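Colleague: This is the structure, below, for whatever I ask next.
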Amino acid sequence: MNFRAGQRLRRNDDFRAVREQGRRMDCGAFLLTWRTRPADSQPSNPRVGVVASRASVGNAVHRNRAKRRLREIYRRHQTFVPPGLDLVLTARAALLRLEFADVEQRFANACRKLMPASPPTNG
RNA sequence: UUUUGGGGCCAGACCUUCGCUCCGAGUUCUUUGAACAAGGAGAGGAAAGUCCGGACACCAUAGGGCAGGAUUCCCCCUGAAAGAGGGGGCGGAGCGCUUCAAGGCGCUUUGACGGACAGUGUCACAGAGAAUAUACCGCCGUGCGGGCAACCGCACGGUAAGGGUGAAAAGGUGGGGUAAGAGCCCACCGCGCCGAAAGCAAUGACGGCGGCACGAAAAACCCAAUCCGGUGCAAGACUAAAUAGGGGACUCGGCGGCCCGUCGGAUAGUCCCGGGUUAGUCGCAUCCCGCUGUGUCUCACGCAAGUGGGGCAACAGGGGGACUGGUCACCUUCGGGUGGCUUGAGAGAAAUGAAGAUCACGCCGCAUCAAUAGUGCGGUGGACAGAAUCCGGCUUAACGGCCCCAAAACUAA
RNA sequence: GCGAAUGUAGCACAAUGGAUAGUGUAGUAGCCUCCGAAGCUAUUGAUCCCGGUUCGACUCCGGGCAUUCGCA
């Protein structure tokens with residue numbers, strides 16, 4: 001199960017679009033934000049961006065660690081995410097205190113709710 | 001053996017499965033190019049803070065002066081340089097010994113360690129007096145008055161010994177001297193000046209002279225000496241794409257604190273409004289060797305420009321070697337060795353991760369044992385912290401372990 | 001990453017190196033009022049931290065911490 005740079009959000013515009021037009025779900029350890037890409041771009045694999053701020057997580061070591069855990073969880077469960085979606089995972093303070101399996105379970109539950117949803121797009 | 005202080009080193013090891021970044025033999029797609037991929041490499045002692053110093057890049061050709069900033073420079077050594085490191089000298093503080101005391105000697109520790117007769121300013125409160133010293137109490141003398149007297153009061157003088165105030169009271173201690181006192185005189189000490197053994201030097205054993213003339217603070221302004229052009233890899237270079245050859249205002253400008261000087265030139269420059277691009281590549285990666293060039297130091301020749309010799313190694317180029325990891329071949333006393341080839345973290349919303357197992361280590365509990373140790377079982381812990389242009393320092397953070405040195409205490413011989 | 005600036009009561013600001021660090025507002029208690037508001041009186045509360053210079057530090061100097069800002 002690969003997870004290359006092409007599957008990640010790399011532009012500031014992408015992050016801003018997800019944050020302004022997307023829907024949110026609080027999963028305790030992290031905040032899940034998602035948005036369907038516009039119809040003109042061909043439907044492809046979902047993309048994801050990971051955010052861990054210094055204020056909520058801590059110093060550089062903890063920020064890197066939080067992002068690695070979120071990336072690893074997404075890598076294992078990316079088949080649950082429908083195509084054509086952009087996700088943003090924002091780390092919360094509790095992320096590094098919880099067990100890895102616990103956080104993994106929370107992401108799987110969130111993806112199950114994600115399936116039937118049809119998030120609004122601004123045409 | 002324990003404790004304390006100082007210095008140095010390490011920052012658990014190994015295996016399995018999946019994954020990330022870079023390099024990539026090679027394979028496929030008949031090419032430009034794209035996809036897949038064996039294999040290899042992949043965080044620190046502080047990568048941190050960004051406090052100093054450089055390299056490198058651009059801005060003027062980086063020149064002179066002023067302004068501004070930094071440092072102290074008491075000396076020697078190391079270093080490319082440094083608010084860098086090491087050693088010494090000098091001073092402060094503490095402790096011990098000694099002295100009547102001042103002081104001296106030893107040990108430890110510490111010092112942003114030039115200058116307070118170049119100048120300006122400050123020293124609150126308290127206190128009589130705080131920098132041209134000062135007479136409140138006290139001490140002493142003379143005169144007058146009172147009292148039998150001891151003595152008391154007043155006035156005029158002398159006096160810095162004593163009290164008291166303060167952070168600090170204008171050399172200290174002892175003796176002589178005096179009406180009482182005072183470097184007024186003497187001895188020792190301190191201080192200043194001169195000479196000087198020794199030492200590369202700072203410094204200075206020791207000797208002589210001066211009777212004291214020199215309060216603190218320059219981390220107040222300042223003065224002296226030395227150094228510094230500015231900006232920082234988001235420096236900067238190149239390629240591609242896109243938009244526009246707009247509108248308005250002003251003027252010689254480049255010029256970065258200012259001036260001189262210098263350079264360029266109206267098809268010029270600055271500012272504002274509006275519009276567009278904000279994509280990619282390079283910069284961007286081990287260490288050593290002086291071969292060539294740059295730079296720098298030095299010696300010889302020369303009036304000079306310069307020429308020649310030698311030293312240093314920060315930068316550019318080229319060559320060679322070493323080390324780390326890997327691999328292949330050979331040898332082997334099975335510890336390893338020799339040779340060939342290859343590699344040297346380099347991201348860009350930013351790679352080194354996730355899960356599991358074993359061993360070693362620390363701590364806790366239980367069992368075994370008379371007790372400790374040891375052994376067994378179970379639990380638990382591993383900090384501080386993540387490269388972002390590179391290098392030399394400084395500072396700060398932190399769990400634990402090992403080694404060395406010094407001091408003290410205890411035990412044994 | 002590189003480079004700057006600022007830290008004083010809960011909040012907004014003062015203080016030449018020298019009394020017990022002030023002012024407004026907020027808080028608490030009391031007075032006033034039928035009850036509140038306003039007003040009056042009293043009171044609590046602070047120099048970001050650690051060192052150094054000085055007789056004496058919010059102030060001067062050094063180191064740390066925190067916050068804010070700028071640069072393609």
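Naming scheme: A, B, ... for chains in displayed order of the structure tokens; residues 1 onward per chain; ligands 1 onward as shown.
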Report the residues of chain A whose backbone DSSP state falls under alpha helix (DSSP H), written as a VMD selection string.

Modeller: chain A and resid 12 to 21 60 to 77 100 to 114

Colleague: Counting only C-alpha atoms (C1' of nucleotides), what are the residues of chain B within 8 Å of chain A, and for each of them which pair of atoms is the nearest and at what distance in Å, to one decimal? Sort the table by chain and rising number, as a Markdown table.

Modeller:
```
| residue | atom | partner | partner_atom | distance |
| --- | --- | --- | --- | --- |
| B:G19 | C1' | A:Asn2 | CA | 7.1 |
| B:C20 | C1' | A:Arg4 | CA | 7.9 |
| B:A349 | C1' | A:Arg10 | CA | 5.5 |
| B:G353 | C1' | A:Arg68 | CA | 6.2 |
| B:A354 | C1' | A:Glu72 | CA | 6.7 |
| B:A385 | C1' | A:Val61 | CA | 6.9 |
| B:G386 | C1' | A:Val61 | CA | 5.6 |
```

Colleague: Report as JSON, numbers by chain all protein, DNA and RNA residues lying within 6 Å of region 30-34 of chain A, evaluated on only C-alpha atoms (C1' of nucleotides), omitting residues in the same chain fewer than 6 positions from it.

Modeller: {"A": [22, 23, 24, 86, 87, 88, 89, 90, 91, 92]}

Colleague: Which neighbours of A26 (chain C) fall inside 12 Å, counting only C-alpha atoms (C1' of nucleotides), when residues of the same chain fewer than 5 positions from it are skipped, and could you give them as JSON, numbers by chain?

Modeller: {"C": [9, 10, 11, 12, 45]}

Colleague: Figure out the distance between C1' of C71 (chain C) and C1' of U243 (chain B), please, to one decimal in Å.

Modeller: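 Here the two named atoms are 25.9 Å from each other.
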
Colleague: List every residue of region 1-87 of chain A that DSSP, applied to the backbone of this structure, places in strand (DSSP E), and write the result as a short mmCIF file (atom, residue, chain, number, x, y, z; two decimals) with all heavy atoms, in the first residue's frame.

Modeller:
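Once everything was written out, this is result_27.cif:
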```cif
data_model
loop_
_atom_site.label_atom_id
_atom_site.label_comp_id
_atom_site.auth_asym_id
_atom_site.auth_seq_id
_atom_site.Cartn_x
_atom_site.Cartn_y
_atom_site.Cartn_z
N ARG A 23 -16.37 19.85 5.05
CA ARG A 23 -17.14 19.55 6.25
C ARG A 23 -16.20 18.97 7.30
O ARG A 23 -15.18 18.36 6.97
CB ARG A 23 -18.24 18.54 5.92
CG ARG A 23 -19.16 19.04 4.82
CD ARG A 23 -20.29 18.09 4.59
NE ARG A 23 -21.12 17.97 5.78
CZ ARG A 23 -22.17 17.11 5.87
NH1 ARG A 23 -22.46 16.35 4.86
NH2 ARG A 23 -22.87 17.06 6.99
N ARG A 24 -16.53 19.14 8.54
CA ARG A 24 -15.64 18.73 9.64
C ARG A 24 -16.27 17.63 10.46
O ARG A 24 -17.47 17.51 10.56
CB ARG A 24 -15.37 19.91 10.57
CG ARG A 24 -14.52 20.97 9.94
CD ARG A 24 -14.10 22.00 10.94
NE ARG A 24 -13.68 23.20 10.22
CZ ARG A 24 -14.50 24.20 9.93
NH1 ARG A 24 -15.74 24.14 10.34
NH2 ARG A 24 -14.05 25.25 9.29
N MET A 25 -15.36 16.81 11.06
CA MET A 25 -15.79 15.80 12.02
C MET A 25 -14.72 15.72 13.11
O MET A 25 -13.54 15.51 12.80
CB MET A 25 -15.95 14.44 11.33
CG MET A 25 -16.60 13.41 12.21
SD MET A 25 -16.49 11.79 11.44
CE MET A 25 -17.31 12.11 9.88
N ASP A 26 -15.15 15.88 14.36
CA ASP A 26 -14.19 15.83 15.47
C ASP A 26 -14.08 14.39 15.93
O ASP A 26 -15.06 13.77 16.33
CB ASP A 26 -14.71 16.71 16.63
CG ASP A 26 -13.64 16.85 17.69
OD1 ASP A 26 -12.60 16.17 17.57
OD2 ASP A 26 -13.83 17.64 18.62
N PHE A 30 -8.02 13.74 16.54
CA PHE A 30 -7.72 14.57 15.38
C PHE A 30 -9.03 15.11 14.83
O PHE A 30 -10.12 14.66 15.20
CB PHE A 30 -6.98 13.78 14.30
CG PHE A 30 -7.69 12.56 13.85
CD1 PHE A 30 -8.55 12.60 12.76
CD2 PHE A 30 -7.53 11.36 14.53
CE1 PHE A 30 -9.22 11.47 12.36
CE2 PHE A 30 -8.19 10.23 14.13
CZ PHE A 30 -9.05 10.28 13.04
N LEU A 31 -8.90 16.10 13.96
CA LEU A 31 -10.05 16.72 13.32
C LEU A 31 -10.01 16.37 11.84
O LEU A 31 -9.00 16.59 11.17
CB LEU A 31 -9.97 18.23 13.51
CG LEU A 31 -11.16 19.06 13.04
CD1 LEU A 31 -12.33 18.85 13.96
CD2 LEU A 31 -10.78 20.52 13.01
N LEU A 32 -11.09 15.75 11.33
CA LEU A 32 -11.14 15.32 9.93
C LEU A 32 -11.96 16.33 9.13
O LEU A 32 -13.11 16.61 9.46
CB LEU A 32 -11.77 13.93 9.83
CG LEU A 32 -11.99 13.38 8.42
CD1 LEU A 32 -10.68 13.19 7.72
CD2 LEU A 32 -12.75 12.08 8.49
N THR A 33 -11.35 16.89 8.08
CA THR A 33 -12.04 17.82 7.19
C THR A 33 -11.98 17.24 5.78
O THR A 33 -10.91 16.77 5.38
CB THR A 33 -11.36 19.19 7.21
OG1 THR A 33 -11.10 19.55 8.55
CG2 THR A 33 -12.22 20.24 6.58
N TRP A 34 -13.12 17.25 5.06
CA TRP A 34 -13.08 16.67 3.72
C TRP A 34 -13.90 17.50 2.76
O TRP A 34 -14.79 18.25 3.15
CB TRP A 34 -13.53 15.21 3.73
CG TRP A 34 -15.01 15.02 3.86
CD1 TRP A 34 -15.89 14.85 2.84
CD2 TRP A 34 -15.77 14.98 5.05
NE1 TRP A 34 -17.15 14.70 3.33
CE2 TRP A 34 -17.11 14.78 4.69
CE3 TRP A 34 -15.44 15.09 6.41
CZ2 TRP A 34 -18.12 14.70 5.62
CZ3 TRP A 34 -16.44 15.00 7.34
CH2 TRP A 34 -17.79 14.81 6.95
N ARG A 35 -13.59 17.34 1.46
CA ARG A 35 -14.21 18.11 0.39
C ARG A 35 -14.09 17.29 -0.89
O ARG A 35 -13.06 16.67 -1.14
CB ARG A 35 -13.48 19.43 0.25
CG ARG A 35 -13.70 20.17 -1.06
CD ARG A 35 -12.83 21.40 -1.09
NE ARG A 35 -12.98 22.09 -2.36
CZ ARG A 35 -12.16 21.97 -3.39
NH1 ARG A 35 -11.13 21.15 -3.32
NH2 ARG A 35 -12.35 22.66 -4.49
N THR A 36 -15.14 17.32 -1.72
CA THR A 36 -15.08 16.66 -3.03
C THR A 36 -14.47 17.62 -4.03
O THR A 36 -14.82 18.80 -4.05
CB THR A 36 -16.48 16.27 -3.50
OG1 THR A 36 -17.11 15.54 -2.47
CG2 THR A 36 -16.41 15.44 -4.75
N ARG A 47 -6.82 12.47 -2.02
CA ARG A 47 -5.58 13.10 -1.55
C ARG A 47 -5.77 13.51 -0.10
O ARG A 47 -6.89 13.73 0.37
CB ARG A 47 -5.22 14.33 -2.37
CG ARG A 47 -4.97 14.02 -3.83
CD ARG A 47 -4.46 15.22 -4.57
NE ARG A 47 -5.37 16.34 -4.46
CZ ARG A 47 -5.07 17.57 -4.91
NH1 ARG A 47 -3.92 17.79 -5.47
NH2 ARG A 47 -5.94 18.54 -4.78
N VAL A 48 -4.65 13.64 0.62
CA VAL A 48 -4.75 13.97 2.04
C VAL A 48 -3.65 14.95 2.40
O VAL A 48 -2.56 14.94 1.82
CB VAL A 48 -4.66 12.69 2.91
CG1 VAL A 48 -3.26 12.14 2.90
CG2 VAL A 48 -5.11 12.96 4.34
N GLY A 49 -3.95 15.83 3.36
CA GLY A 49 -2.95 16.73 3.94
C GLY A 49 -3.00 16.61 5.43
O GLY A 49 -4.06 16.35 6.02
N VAL A 50 -1.84 16.74 6.07
CA VAL A 50 -1.73 16.54 7.51
C VAL A 50 -1.25 17.84 8.14
O VAL A 50 -0.30 18.45 7.64
CB VAL A 50 -0.76 15.40 7.83
CG1 VAL A 50 -0.49 15.31 9.29
CG2 VAL A 50 -1.34 14.09 7.32
N VAL A 51 -1.91 18.26 9.22
CA VAL A 51 -1.55 19.50 9.91
C VAL A 51 -1.34 19.19 11.38
O VAL A 51 -2.14 18.49 11.99
CB VAL A 51 -2.67 20.56 9.75
CG1 VAL A 51 -2.36 21.78 10.58
CG2 VAL A 51 -2.83 20.94 8.30
N LEU A 85 -11.91 12.66 -3.27
CA LEU A 85 -12.00 13.47 -2.06
C LEU A 85 -10.65 14.06 -1.71
O LEU A 85 -9.60 13.47 -1.98
CB LEU A 85 -12.47 12.60 -0.88
CG LEU A 85 -13.96 12.31 -0.75
CD1 LEU A 85 -14.20 11.59 0.56
CD2 LEU A 85 -14.78 13.57 -0.81
N ASP A 86 -10.68 15.25 -1.08
CA ASP A 86 -9.49 15.83 -0.46
C ASP A 86 -9.73 15.84 1.04
O ASP A 86 -10.74 16.39 1.51
CB ASP A 86 -9.27 17.26 -0.94
CG ASP A 86 -8.62 17.27 -2.32
OD1 ASP A 86 -8.17 16.20 -2.75
OD2 ASP A 86 -8.57 18.34 -2.93
N LEU A 87 -8.81 15.25 1.80
CA LEU A 87 -8.94 15.21 3.25
C LEU A 87 -7.87 16.10 3.89
O LEU A 87 -6.76 16.24 3.35
CB LEU A 87 -8.74 13.80 3.81
CG LEU A 87 -9.59 12.66 3.27
CD1 LEU A 87 -9.34 11.43 4.12
CD2 LEU A 87 -11.05 13.00 3.30
#
```

Colleague: Quick one: of B:G192, B:C227, B:C291, B:C299, who's nearest to G320 (chain B), counting only C-alpha atoms (C1' of nucleotides)?

Modeller: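 Ranked by minimum distance to G320 (chain B), first place goes to B:C291.
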
Colleague: Using only C-alpha atoms (C1' of nucleotides), determine which residues lie at most 10 Å from U54 (chain C), disregarding the query and same-chain residues fewer than 2 positions distant; provide the list as a list in words.

Modeller: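 The contact residues come out as A167, A216, A217 and A219 of chain B; G17, G56, A57 and C60 of chain C.
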
Colleague: For C1' of A347 (chain B) and C1' of G1 (chain C), quote the distance in Å rounded to one decimal.

Modeller: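 It comes out at 12.9 Å.
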
Colleague: Pick out the residues sitting within 8 Å of Ala110 (chain A), and hand them over as a PyMOL selection string; count only C-alpha atoms (C1' of nucleotides), and ignore anything fewer than 3 positions along from it in its own chain.

Modeller: chain A and resi 25+27+106-107+113-114

Colleague: Excluding region 123-130 of chain B and any residue of its chain fewer than 3 positions from it, enumerate the residues within 6 Å of it, using only C-alpha atoms (C1' of nucleotides), and give them as a list in words.

Modeller: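 Near region 123-130 of chain B, the qualifying residues are U134, C136 and U165 of chain B; G18 of chain C.
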
Colleague: Take C1' of U44 (chain C) and C1' of A19 (chain C) and report the distance between them in Å, one decimal.

Modeller: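 Going from C1' of U44 (chain C) over to C1' of A19 (chain C), I get 22.3 Å.
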
Colleague: Which of these, B:U4, B:U324, B:U132, B:U298, has the shortest distance to G311 (chain B) once you count only C-alpha atoms (C1' of nucleotides)?

Modeller: B:U298

Colleague: Find, counting only C-alpha atoms (C1' of nucleotides), the residue in C:C2, C:C58, C:A46, C:C31 that gets nearest to A15 (chain C).

Modeller: C:C58

Colleague: Hey, which of B:C272, B:C29, B:A355, B:A41 ends up closest to U16 (chain B)? Count only C-alpha atoms (C1' of nucleotides).

Modeller: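 Going through B:C272, B:C29, B:A355, B:A41 one by one, the smallest distance to U16 (chain B) is for B:A355.
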